[in-house]
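Text of the file run00.cif, holding mmCIF, N, CA and C atoms:
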```
data_target
loop_
_atom_site.label_atom_id
_atom_site.label_comp_id
_atom_site.auth_asym_id
_atom_site.auth_seq_id
_atom_site.Cartn_x
_atom_site.Cartn_y
_atom_site.Cartn_z
N MET A 1 0.83 -1.18 0.00
CA MET A 1 0.00 0.00 0.00
C MET A 1 0.88 1.24 0.00
N ALA A 2 0.35 2.28 -0.57
CA ALA A 2 1.07 3.54 -0.59
C ALA A 2 0.08 4.70 -0.63
N VAL A 3 0.25 5.63 0.28
CA VAL A 3 -0.57 6.82 0.28
C VAL A 3 -0.01 7.75 -0.79
N MET A 4 -0.90 8.22 -1.65
CA MET A 4 -0.49 9.08 -2.76
C MET A 4 -1.30 10.37 -2.72
N PRO A 5 -0.74 11.48 -3.21
CA PRO A 5 -1.46 12.75 -3.17
C PRO A 5 -2.47 12.92 -4.30
N HIS A 6 -2.61 11.94 -5.15
CA HIS A 6 -3.48 12.05 -6.32
C HIS A 6 -4.95 12.23 -5.94
N THR A 7 -5.67 12.85 -6.85
CA THR A 7 -7.13 12.88 -6.76
C THR A 7 -7.73 12.25 -8.02
N ASP A 8 -6.88 11.85 -8.93
CA ASP A 8 -7.30 11.19 -10.17
C ASP A 8 -7.06 9.69 -10.00
N LEU A 9 -8.15 8.96 -9.80
CA LEU A 9 -8.08 7.52 -9.53
C LEU A 9 -7.38 6.77 -10.65
N ASP A 10 -7.74 7.05 -11.90
CA ASP A 10 -7.14 6.33 -13.02
C ASP A 10 -5.64 6.56 -13.11
N ARG A 11 -5.22 7.78 -12.89
CA ARG A 11 -3.78 8.09 -12.96
C ARG A 11 -3.02 7.39 -11.84
N ALA A 12 -3.59 7.34 -10.66
CA ALA A 12 -2.95 6.66 -9.54
C ALA A 12 -2.83 5.16 -9.81
N LEU A 13 -3.88 4.56 -10.35
CA LEU A 13 -3.84 3.14 -10.68
C LEU A 13 -2.81 2.85 -11.77
N GLU A 14 -2.75 3.72 -12.77
CA GLU A 14 -1.77 3.55 -13.85
C GLU A 14 -0.35 3.57 -13.27
N MET A 15 -0.08 4.49 -12.38
CA MET A 15 1.25 4.57 -11.77
C MET A 15 1.52 3.34 -10.91
N ALA A 16 0.55 2.93 -10.12
CA ALA A 16 0.73 1.78 -9.24
C ALA A 16 1.02 0.51 -10.01
N CYS A 17 0.38 0.35 -11.14
CA CYS A 17 0.55 -0.87 -11.93
C CYS A 17 1.75 -0.81 -12.88
N SER A 18 2.37 0.35 -13.01
CA SER A 18 3.48 0.49 -13.95
C SER A 18 4.84 0.19 -13.32
N LEU A 19 4.89 0.03 -12.03
CA LEU A 19 6.16 -0.21 -11.36
C LEU A 19 6.47 -1.70 -11.26
N ASP A 20 7.71 -2.01 -10.91
CA ASP A 20 8.12 -3.41 -10.80
C ASP A 20 7.29 -4.18 -9.77
N VAL A 21 6.91 -3.49 -8.71
CA VAL A 21 6.10 -4.11 -7.66
C VAL A 21 4.79 -3.32 -7.59
N PRO A 22 3.72 -3.85 -8.19
CA PRO A 22 2.44 -3.14 -8.13
C PRO A 22 1.99 -2.97 -6.67
N PHE A 23 1.30 -1.91 -6.41
CA PHE A 23 0.83 -1.67 -5.05
C PHE A 23 -0.58 -1.09 -5.08
N TRP A 24 -1.22 -1.12 -3.93
CA TRP A 24 -2.57 -0.62 -3.79
C TRP A 24 -2.48 0.86 -3.38
N PRO A 25 -2.80 1.77 -4.28
CA PRO A 25 -2.71 3.18 -3.92
C PRO A 25 -3.87 3.60 -3.02
N GLN A 26 -3.55 4.42 -2.06
CA GLN A 26 -4.58 5.00 -1.20
C GLN A 26 -4.57 6.51 -1.44
N LEU A 27 -5.74 7.06 -1.64
CA LEU A 27 -5.87 8.45 -2.08
C LEU A 27 -6.71 9.28 -1.08
N PRO A 28 -6.15 9.60 0.08
CA PRO A 28 -6.94 10.34 1.07
C PRO A 28 -7.35 11.73 0.63
N ASN A 29 -6.69 12.30 -0.39
CA ASN A 29 -7.12 13.59 -0.92
C ASN A 29 -8.35 13.45 -1.80
N LEU A 30 -8.61 12.24 -2.28
CA LEU A 30 -9.81 11.96 -3.06
C LEU A 30 -11.01 11.79 -2.14
N SER A 31 -10.80 11.05 -1.03
CA SER A 31 -11.88 10.79 -0.07
C SER A 31 -11.26 10.38 1.26
N TYR A 32 -11.87 10.80 2.36
CA TYR A 32 -11.38 10.39 3.68
C TYR A 32 -11.49 8.88 3.87
N TYR A 33 -12.41 8.24 3.15
CA TYR A 33 -12.51 6.78 3.20
C TYR A 33 -11.22 6.12 2.75
N GLU A 34 -10.41 6.83 1.96
CA GLU A 34 -9.15 6.29 1.45
C GLU A 34 -8.03 6.35 2.48
N ASP A 35 -8.27 6.95 3.61
CA ASP A 35 -7.26 6.99 4.67
C ASP A 35 -6.98 5.56 5.15
N MET A 36 -5.71 5.24 5.34
CA MET A 36 -5.30 3.89 5.71
C MET A 36 -5.99 3.42 7.00
N TYR A 37 -6.07 4.27 7.99
CA TYR A 37 -6.68 3.88 9.26
C TYR A 37 -8.18 3.70 9.12
N VAL A 38 -8.81 4.54 8.33
CA VAL A 38 -10.25 4.42 8.11
C VAL A 38 -10.56 3.10 7.41
N GLN A 39 -9.79 2.76 6.38
CA GLN A 39 -10.02 1.49 5.67
C GLN A 39 -9.81 0.30 6.59
N ALA A 40 -8.76 0.34 7.39
CA ALA A 40 -8.47 -0.79 8.28
C ALA A 40 -9.54 -0.96 9.36
N ALA A 41 -10.21 0.12 9.71
CA ALA A 41 -11.18 0.10 10.80
C ALA A 41 -12.61 -0.12 10.34
N GLU A 42 -12.82 -0.33 9.05
CA GLU A 42 -14.19 -0.35 8.51
C GLU A 42 -15.16 -1.23 9.29
N HIS A 43 -14.82 -2.43 9.60
CA HIS A 43 -15.74 -3.36 10.27
C HIS A 43 -15.41 -3.58 11.75
N PHE A 44 -14.49 -2.78 12.27
CA PHE A 44 -14.07 -2.95 13.65
C PHE A 44 -15.14 -2.38 14.58
N PRO A 45 -15.55 -3.14 15.59
CA PRO A 45 -16.58 -2.63 16.50
C PRO A 45 -16.07 -1.44 17.30
N GLY A 46 -16.96 -0.47 17.51
CA GLY A 46 -16.63 0.68 18.34
C GLY A 46 -16.08 1.88 17.61
N ILE A 47 -15.97 1.79 16.29
CA ILE A 47 -15.40 2.88 15.52
C ILE A 47 -16.45 3.97 15.27
N VAL A 48 -16.04 5.21 15.46
CA VAL A 48 -16.89 6.36 15.20
C VAL A 48 -16.17 7.19 14.13
N LEU A 49 -16.73 7.21 12.95
CA LEU A 49 -16.14 7.91 11.81
C LEU A 49 -16.94 9.18 11.53
N ASP A 50 -16.25 10.30 11.48
CA ASP A 50 -16.89 11.58 11.16
C ASP A 50 -16.24 12.09 9.88
N LEU A 51 -16.94 11.94 8.76
CA LEU A 51 -16.39 12.34 7.47
C LEU A 51 -16.25 13.85 7.35
N GLN A 52 -17.16 14.59 7.95
CA GLN A 52 -17.10 16.06 7.86
C GLN A 52 -15.85 16.60 8.56
N LYS A 53 -15.58 16.09 9.75
CA LYS A 53 -14.41 16.55 10.51
C LYS A 53 -13.15 15.77 10.18
N ARG A 54 -13.31 14.72 9.37
CA ARG A 54 -12.18 13.85 8.99
C ARG A 54 -11.50 13.29 10.24
N THR A 55 -12.33 12.70 11.10
CA THR A 55 -11.80 12.09 12.32
C THR A 55 -12.28 10.65 12.44
N LEU A 56 -11.47 9.87 13.09
CA LEU A 56 -11.76 8.48 13.39
C LEU A 56 -11.44 8.30 14.87
N ARG A 57 -12.41 7.84 15.62
CA ARG A 57 -12.15 7.63 17.04
C ARG A 57 -12.82 6.35 17.50
N PHE A 58 -12.58 5.99 18.72
CA PHE A 58 -13.07 4.75 19.29
C PHE A 58 -14.00 5.05 20.45
N SER A 59 -15.14 4.34 20.48
CA SER A 59 -16.10 4.48 21.58
C SER A 59 -16.22 3.14 22.29
N LEU A 60 -15.88 3.11 23.57
CA LEU A 60 -15.98 1.87 24.33
C LEU A 60 -17.43 1.40 24.41
N ASP A 61 -18.36 2.32 24.60
CA ASP A 61 -19.78 1.94 24.67
C ASP A 61 -20.24 1.31 23.36
N LYS A 62 -19.86 1.89 22.24
CA LYS A 62 -20.22 1.35 20.93
C LYS A 62 -19.54 0.00 20.71
N PHE A 63 -18.30 -0.12 21.17
CA PHE A 63 -17.58 -1.39 21.06
C PHE A 63 -18.32 -2.51 21.79
N ILE A 64 -18.73 -2.24 22.99
CA ILE A 64 -19.46 -3.24 23.78
C ILE A 64 -20.77 -3.60 23.09
N GLU A 65 -21.43 -2.61 22.53
CA GLU A 65 -22.70 -2.82 21.83
C GLU A 65 -22.52 -3.67 20.56
N GLU A 66 -21.44 -3.48 19.84
CA GLU A 66 -21.24 -4.13 18.54
C GLU A 66 -20.40 -5.40 18.58
N LEU A 67 -19.70 -5.66 19.68
CA LEU A 67 -18.76 -6.77 19.73
C LEU A 67 -19.40 -8.13 19.46
N GLU A 68 -20.52 -8.42 20.09
CA GLU A 68 -21.15 -9.73 19.93
C GLU A 68 -21.52 -9.99 18.47
N ALA A 69 -22.13 -9.02 17.81
CA ALA A 69 -22.51 -9.20 16.40
C ALA A 69 -21.27 -9.38 15.52
N THR A 70 -20.21 -8.67 15.84
CA THR A 70 -18.96 -8.81 15.08
C THR A 70 -18.39 -10.21 15.26
N MET A 71 -18.38 -10.70 16.48
CA MET A 71 -17.82 -12.04 16.76
C MET A 71 -18.65 -13.14 16.10
N GLU A 72 -19.96 -12.92 15.96
CA GLU A 72 -20.81 -13.90 15.28
C GLU A 72 -20.44 -14.02 13.80
N ARG A 73 -19.85 -12.99 13.23
CA ARG A 73 -19.45 -12.98 11.82
C ARG A 73 -17.94 -13.21 11.64
N PHE A 74 -17.23 -13.50 12.70
CA PHE A 74 -15.77 -13.55 12.64
C PHE A 74 -15.24 -14.57 11.64
N ASP A 75 -15.98 -15.65 11.40
CA ASP A 75 -15.55 -16.67 10.43
C ASP A 75 -15.93 -16.33 9.00
N ASP A 76 -16.63 -15.24 8.80
CA ASP A 76 -17.06 -14.81 7.48
C ASP A 76 -15.96 -13.94 6.85
N PRO A 77 -15.31 -14.41 5.79
CA PRO A 77 -14.23 -13.62 5.18
C PRO A 77 -14.68 -12.22 4.74
N ALA A 78 -15.95 -12.05 4.41
CA ALA A 78 -16.45 -10.75 3.98
C ALA A 78 -16.31 -9.69 5.08
N LEU A 79 -16.26 -10.13 6.31
CA LEU A 79 -16.08 -9.20 7.43
C LEU A 79 -14.78 -8.42 7.29
N PHE A 80 -13.81 -9.02 6.64
CA PHE A 80 -12.49 -8.40 6.52
C PHE A 80 -12.28 -7.71 5.17
N ASP A 81 -13.28 -7.73 4.31
CA ASP A 81 -13.18 -7.06 3.01
C ASP A 81 -13.35 -5.55 3.18
N ILE A 82 -12.75 -4.83 2.26
CA ILE A 82 -12.97 -3.39 2.20
C ILE A 82 -14.07 -3.15 1.19
N SER A 83 -15.10 -2.46 1.60
CA SER A 83 -16.25 -2.23 0.73
C SER A 83 -15.94 -1.20 -0.35
N GLU A 84 -16.80 -1.12 -1.35
CA GLU A 84 -16.64 -0.13 -2.41
C GLU A 84 -16.74 1.29 -1.87
N THR A 85 -17.47 1.48 -0.79
CA THR A 85 -17.56 2.80 -0.19
C THR A 85 -16.18 3.24 0.32
N TYR A 86 -15.45 2.32 0.92
CA TYR A 86 -14.16 2.63 1.51
C TYR A 86 -13.02 2.56 0.51
N SER A 87 -13.25 1.97 -0.64
CA SER A 87 -12.24 1.92 -1.69
C SER A 87 -12.98 1.78 -3.01
N PRO A 88 -13.02 2.83 -3.84
CA PRO A 88 -13.90 2.83 -5.01
C PRO A 88 -13.45 1.95 -6.18
N TYR A 89 -12.42 1.16 -6.00
CA TYR A 89 -11.96 0.33 -7.10
C TYR A 89 -11.49 -1.02 -6.59
N THR A 90 -11.46 -1.95 -7.47
CA THR A 90 -10.93 -3.28 -7.16
C THR A 90 -9.91 -3.60 -8.23
N ILE A 91 -8.78 -4.06 -7.82
CA ILE A 91 -7.74 -4.46 -8.77
C ILE A 91 -7.60 -5.97 -8.69
N ALA A 92 -7.66 -6.61 -9.83
CA ALA A 92 -7.44 -8.07 -9.87
C ALA A 92 -6.16 -8.34 -10.61
N PHE A 93 -5.22 -8.92 -9.93
CA PHE A 93 -3.94 -9.27 -10.57
C PHE A 93 -3.92 -10.74 -10.88
#
```

structure tokens encoding of this file:
Amino acid sequence: MAVMPHTDLDRALEMACSLDVPFWPQLPNLSYYEDMYVQAAEHFPGIVLDLQKRTLRFSLDKFIEELEATMERFDDPALFDISETYSPYTIAF
């Protein structure tokens, strides 16, 4: 993964795929969802994401509320996927 300053998704993908070691570009200037921490926290219980303020924080109360449902899905690989909302493209190599 590499955080890039681009706001042009196609140009960032072209650059990422043109190097010897392709990488997954992250474009936080395009969308706050592209922030590395935001993407990693997508399905984590207790996360409070504020897109307007561009903040990500943790709520213990929300964590306790969401933990059981998260653990019930822990064997589901989709729980660990990044959704299209959090990453607007999919690269298949």

* To do: Counting all atoms listed in the file, write as a ChimeraX atom specification all protein and nucleic acid residues lying at most 8 Å from (-14.9, -4.0, 14.8) in the file's frame.
  => /A:41-47,63,66-67,70-71

* Mind listing as a list in words all residues within 5 Å of (-8.5, -2.7, 4.1), counting all atoms listed in the file? ->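 Every residue inside that radius is included here: Gln39, Ala40 and Ile82 of chain A.
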
* To do: Mind giving me the straight-line distance from atom CA of Lys53 of chain A to atom N of Met36 of chain A in Å, one decimal?
  =>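 Value for the atom CA of Lys53 of chain A-atom N of Met36 of chain A distance: 15.2 Å.
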
* **Spatial neighbours of Ala16 of chain A, 10 Å, only C-alpha atoms, chain gap at least 4 places, as a list in words** =>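 Here the answer would be Met1, Ala2, Met4, Asp10, Arg11, Ala12, Asp20, Val21, Pro22, Phe23, Trp24 and Pro25 of chain A.
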
* Asked: Where in chain A does DSSP assign strand (DSSP E), given as a list in words?
  -> Ala2, Val3, Pro25, Gln26, Ile47, Val48, Leu49, Asp50, Thr55, Leu56, Arg57 and Phe58 of chain A

* Please measure the separation of atom N of Leu60 of chain A and atom N of Tyr37 of chain A, giving the value in Å to one decimal. =>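 Result for atom N of Leu60 of chain A versus atom N of Tyr37 of chain A: 18.4 Å, one decimal.
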
* **Interatomic distance, atom N of Cys17 of chain A to atom N of Arg54 of chain A (Å, one decimal)** => 28.5 Å

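If all atoms listed in the file are the atoms counted, then among A:Ala69, A:Leu56, A:Ala78, A:Leu30 the closest residue to His6 of chain A is A:Leu30.
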
* To do: Check the smallest atom-to-atom distance from each of A:Thr85, A:Pro5, A:Val48, A:Asp76 to Asn29 of chain A using only N, CA and C atoms, then report the winner.
  =>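 Closest to Asn29 of chain A of all the choices is A:Pro5.
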